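Asks: So that we are looking at the same thing, I have put the structure below in structure tokens.
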Amino acid sequence: MSDAEFVVVANRLPVDRVVGPDGEEEWRTSPGGLVAALEPMMRSARGAWVGWPGQPDVELEPFEINGIDLVPVSLSADEVEDYYEGFANDTIWPLYHDVIAPPQYHREWWEAYVKVNRRFAEAAAAVAAPNGTVWVHDYQLQLVPQMIRELRSDVTIGYFHHIPFPAHGLYAQLPWRDQVLRGLLGADVIGFQRAQDATYFLTAVRRRLRHDVKGSAVTIPTDDGGTRTAVARAFPISIDTAPYLELAARPDVRARAAEIRASLGNPKKILLGVDRLDYTKGIRHRIKAYGELLEDGQLSVEDVTFVQVASPSRERVDAYVHLRDEIELAVGRINGDHDTMGHTAIRYLHQGYPREEMVALYLAADVMLVTALRDGMNLVAKEYVATRADNRGVLVLSEFTGAADELRQAVRVNPHDIAGLKDAIMTAVAMPPAEQGKRMRSLRRRVLENDVNAWSSSFLRALDEVRKR
Ligand code: G6P
């Protein structure tokens, strides 16, 4: 069935398994921005999506859902442990996020990574139409571009890296650093979130592989004695803004926002954090700063509530288990010290919510705290901004997120600087409505003009230019 003109390859398929009341199984598309951006393209161009269904030992035949052909890649329980939890999320993830947690280097994890990357590459090579386009996504699949090129030299290959790429001094720790660079360079266009990420990648390529690098172009020697060119540059990703605008305007969602405020005792100000429970997100730093503000008496639980949604993530990886313990201990202590019968300091929710509920929360929140220690982009910041059509609310944004390059009118913070973080929270809490409006209007212009469709079009245009060469 090699007839897909456009193939997406990502670790996960854009579907969730839903088990009905009578135990029957069904797959539903998960509402990510990436799917929304690529769906029209996938439908018009005979598209296929190659990915893992998210559970071990699930053997599924290719199936179609909402006009997209899904090509499931099966992973055994051992492979989930070594490739996904191990190499992807306990080696590459911490290394690429500036070693916030110590990366583990294990040869058997690397071997599983190579083996599983080959399986994804073979699946993509089998479905791509002659001279088709294959777009590979993210750090779980860095070897796939080169593996596809070896199998199918006719296809055009794009790769987008959703997370940061580290400075050379850190990258050099990786025992398989040269193999990973060669894997990525199999793509014609290698996209990063920030200009900085592309620069770090190009530096590693120059220093480690000694390839010629001019601007964003890398000249790569080929086996036949010639050369080919790969381009590496920034394409900052965004969100599908339409559903946020629609939900924010819906009376029932607005009523839900009011209900949330009421259920928290109608505090004067609601602070909000929304993250996957991940050590890159700076949740501990945020909680520490907030706890000190209560302790100092600068804030009081009578006036302010902090809502932290921390959705469960990678729960079998040790670093995540420890993080959860630390955060829950900190939340318990602060609430124990400061709660009253009627008011809570931190409403902590270790749960995921549907988009409607998230939009209601964004509308209820006066201050959005995005204090990641390192983050490729941070789409929560953009979701909050897109939702605030009323031009109210303040975004506190870490300078270590990709979003900080674009969202210049946010209150910027260095989350490692707890004193600075406390000042930023107080500035946000006290910001007059006129100043909020001025900043939010400018933030919204940026997010609405550069949505996920603009992102995917610009990436695919760059890929087209390479194809024409
Ligand atoms: C980040 C990564 C994605 C990943 C997501 C959720 O955003 O860039 O590639 O899918 O986290 O993580 P998970 O391990 O659950 O897929």
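Following the order of the structure tokens, first chain is A, next is B, and so on, with residues numbered from 1 inside each chain and ligands from 1 in the order they appear.
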Compute the set of protein, DNA and RNA residues whose minimum atom distance to ligand 1 is at most 6 Å, using only C-alpha atoms and all ligand atoms, and state it as a VMD selection string.
Replies: chain A and resid 138 162 to 163 313 to 314
Asks: Enumerate as a PyMOL selection string all residues of range 346-404 of chain A assigned to strand (DSSP E or B) by DSSP on the backbone, naming them with the chain letters and numbers the document uses.
Replies: chain A and resi 346-349+367-370+375+394-398+401
Asks: Enumerate, in order of chain and increasing residue number, the residues of range 164-192 of chain A with an atom no farther than 9 Å from range 371-390 of chain A, each with its shortest atom pair and distance in Å to one decimal, counting only C-alpha atoms, as JSON lines.
Replies:
{"residue": "A:Pro164", "atom": "CA", "partner": "A:Gly376", "partner_atom": "CA", "distance": 4.6}
{"residue": "A:Phe165", "atom": "CA", "partner": "A:Gly376", "partner_atom": "CA", "distance": 8.3}
{"residue": "A:Phe192", "atom": "CA", "partner": "A:Gly376", "partner_atom": "CA", "distance": 8.5}
Asks: Between CA of Asp188 in chain A and CA of Val155 in chain A, what distance in Å does the model show, to one decimal?
Replies: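 Distance between the two atoms: 9.8 Å.
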Asks: Residues at most 6 Å from Asp366 in chain A, counting only C-alpha atoms, excluding those fewer than 6 positions away in the same chain, as a PDB file with C-alpha atoms, in the first residue's frame?
Replies:
ATOM      1  CA  LYS A 269      -7.184  36.711  42.328  1.00  0.00           C
ATOM      2  CA  ILE A 270      -6.743  33.213  40.931  1.00  0.00           C
ATOM      3  CA  GLY A 393      -5.269  38.347  32.560  1.00  0.00           C
TER       4      GLY A 393
END
Asks: From the set A:Arg194, A:Ala262, A:Ala45, A:Ala4, which residue has the shortest atom-to-atom contact distance to Ala123 in chain A, counting only C-alpha atoms?
Replies: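 Smallest separation from Ala123 in chain A among the options: A:Ala4.
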Asks: Show me, as a list of chain:residue names, the residues that have an atom within 8 Å of range 457-468 of chain A when counting only C-alpha atoms, minus same-chain residues fewer than 4 positions from it.
Replies: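 Once the nearby chain positions are removed, what remains is A:Thr156, A:Ile157, A:Gly158, A:Asp188, A:Val189, A:Gly191, A:Phe235, A:Asn453.
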Asks: Can you tell me how far CA of Tyr200 in chain A sits from CA of Ala187 in chain A, in Å to one decimal?
Replies: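 So the answer is 17.1 Å.
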Asks: Write out as a PyMOL selection string each polymer residue whose atoms come within 9 Å of Leu95 in chain A, counting only C-alpha atoms; drop sequence neighbours fewer than 4 positions from it.
Replies: chain A and resi 90-91+99-104+165-166+170-171+173-174
Asks: Using C-alpha atoms, can you export the residues from the last selection as a CSV table (one decimal), in the first residue's frame?
Replies:
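part.csv, written as the output of this step:
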chain,number,residue,atom,x,y,z
A,90,ASP,CA,15.5,9.1,30.7
A,91,THR,CA,18.4,9.8,28.4
A,99,VAL,CA,20.5,18.1,32.5
A,100,ILE,CA,17.9,19.4,35.0
A,101,ALA,CA,17.7,15.7,36.0
A,102,PRO,CA,20.7,13.5,35.4
A,103,PRO,CA,20.5,11.6,32.1
A,104,GLN,CA,21.1,7.8,32.3
A,165,PHE,CA,18.5,21.1,21.5
A,166,PRO,CA,21.3,21.5,24.0
A,170,LEU,CA,26.2,19.2,27.2
A,171,TYR,CA,25.4,17.4,23.9
A,173,GLN,CA,28.0,13.8,26.9
A,174,LEU,CA,25.9,11.6,24.7
Asks: Extract, using only C-alpha atoms, all DNA, RNA and protein residues at most 8 Å from Ala37 in chain A, discarding same-chain residues fewer than 4 positions from it, and format them as a list in words.
Replies: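 Final neighbour list, sorted by chain and number: Gly33, Met41, Asp240, Val452, Asn453 and Ser456 of chain A.
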Asks: Which of range 32-155 of chain A counts as helix (DSSP H, G or I) under DSSP, as a VMD selection string please?
Replies: chain A and resid 33 to 44 77 to 96 107 to 127 139 to 141 144 to 151
